[in-house]
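K.L.:
My questions will all concern the structure given below.
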Amino acid sequence: MNTLNCSPQEALFVGDSHADIEAGKRANVLTAGVNWLDHSHGSEFLMKPDYEFSRIIDFINDVIES
């Protein structure tokens with residue numbers, strides 16, 4: 001975040017594993033759990049992400065374009 005000169009409130013950690021979501025939570029940033037990849041873990045995360053997407057188009061429409 002320092003390199004990009006942004007605050008935790010401006011960041012979003014996107015990941016497809018439990019470890020990814022946990023890392024985002026520990027960094028105090030919003031998290032997006034995704035499972036559209038062939039090697040994704042499945043549909044449930046141990047820690048609940050702030051957002052959850054199973055299709056990339058939903059991620060684009062809900063997060064990127066808003």
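The way I read the labels, and the way they are meant: chains A, B, ... in the order of the structure tokens, residue 1 as the first residue of every chain, and ligand 1 as the first ligand shown, with later ones counted on from there.
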Find the spatial neighbours of A:Leu12, counting only C-alpha atoms, within a cut-off of 6 Å - ignore same-chain residues fewer than 3 positions away - and output them as a VMD selection string.
P.N.:
chain A and resid 29 to 31
K.L.:
Contacts of stretch 51-55 of chain A at 10 Å or less, counting only C-alpha atoms, minus same-chain residues fewer than 6 places along, as a list in words?
P.N.:
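After dropping sequence-adjacent residues, the list is Leu12, Val14, Gly15, Asp16, Leu30, Thr31, Ala32, Gly33, Val34, Asn35, Trp36, Leu37, Ser40, Gly42, Ser43, Glu44, Phe45, Asp62 and Val63 of chain A.
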K.L.:
Set the distance at 12 Å and use only C-alpha atoms: which residues neighbour A:Ser7 once local chain neighbours fewer than 3 positions away are removed? I'd like the list as number ranges by chain.
P.N.:
A: 1-4, 10-12, 27-30
K.L.:
DSSP on the backbone: which residues in chain A end up as alpha helix (DSSP H)? Give the answer as a PyMOL selection string.
P.N.:
chain A and resi 18-26+56-59
K.L.:
Just write the chosen residues, N, CA and C atoms, as a PDB file, in the first residue's frame.
P.N.:
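Wrote it out as part_24.pdb, contents follow:
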ATOM      1  N   HIS A  18      -8.325 -19.749   1.772  1.00  0.00           N
ATOM      2  CA  HIS A  18      -8.528 -19.325   3.159  1.00  0.00           C
ATOM      3  C   HIS A  18      -7.379 -18.420   3.608  1.00  0.00           C
ATOM      4  N   ALA A  19      -6.142 -18.785   3.218  1.00  0.00           N
ATOM      5  CA  ALA A  19      -4.968 -17.994   3.607  1.00  0.00           C
ATOM      6  C   ALA A  19      -5.035 -16.582   3.025  1.00  0.00           C
ATOM      7  N   ASP A  20      -5.537 -16.451   1.807  1.00  0.00           N
ATOM      8  CA  ASP A  20      -5.664 -15.128   1.194  1.00  0.00           C
ATOM      9  C   ASP A  20      -6.622 -14.246   1.988  1.00  0.00           C
ATOM     10  N   ILE A  21      -7.772 -14.791   2.338  1.00  0.00           N
ATOM     11  CA  ILE A  21      -8.766 -14.006   3.081  1.00  0.00           C
ATOM     12  C   ILE A  21      -8.229 -13.641   4.454  1.00  0.00           C
ATOM     13  N   GLU A  22      -7.569 -14.585   5.094  1.00  0.00           N
ATOM     14  CA  GLU A  22      -6.979 -14.302   6.403  1.00  0.00           C
ATOM     15  C   GLU A  22      -5.929 -13.197   6.299  1.00  0.00           C
ATOM     16  N   ALA A  23      -5.109 -13.228   5.261  1.00  0.00           N
ATOM     17  CA  ALA A  23      -4.087 -12.192   5.068  1.00  0.00           C
ATOM     18  C   ALA A  23      -4.725 -10.816   4.896  1.00  0.00           C
ATOM     19  N   GLY A  24      -5.784 -10.751   4.124  1.00  0.00           N
ATOM     20  CA  GLY A  24      -6.483  -9.478   3.944  1.00  0.00           C
ATOM     21  C   GLY A  24      -7.082  -8.966   5.237  1.00  0.00           C
ATOM     22  N   LYS A  25      -7.684  -9.868   5.995  1.00  0.00           N
ATOM     23  CA  LYS A  25      -8.270  -9.473   7.288  1.00  0.00           C
ATOM     24  C   LYS A  25      -7.187  -8.970   8.237  1.00  0.00           C
ATOM     25  N   ARG A  26      -6.043  -9.652   8.258  1.00  0.00           N
ATOM     26  CA  ARG A  26      -4.941  -9.232   9.135  1.00  0.00           C
ATOM     27  C   ARG A  26      -4.368  -7.874   8.719  1.00  0.00           C
ATOM     28  N   ILE A  56     -16.380 -13.958 -12.626  1.00  0.00           N
ATOM     29  CA  ILE A  56     -15.566 -12.752 -12.763  1.00  0.00           C
ATOM     30  C   ILE A  56     -16.406 -11.555 -13.209  1.00  0.00           C
ATOM     31  N   ILE A  57     -17.430 -11.788 -14.012  1.00  0.00           N
ATOM     32  CA  ILE A  57     -18.275 -10.681 -14.463  1.00  0.00           C
ATOM     33  C   ILE A  57     -18.987 -10.020 -13.282  1.00  0.00           C
ATOM     34  N   ASP A  58     -19.369 -10.800 -12.275  1.00  0.00           N
ATOM     35  CA  ASP A  58     -19.996 -10.223 -11.077  1.00  0.00           C
ATOM     36  C   ASP A  58     -18.995  -9.371 -10.304  1.00  0.00           C
ATOM     37  N   PHE A  59     -17.752  -9.838 -10.218  1.00  0.00           N
ATOM     38  CA  PHE A  59     -16.690  -9.055  -9.563  1.00  0.00           C
ATOM     39  C   PHE A  59     -16.502  -7.723 -10.281  1.00  0.00           C
TER      40      PHE A  59
END
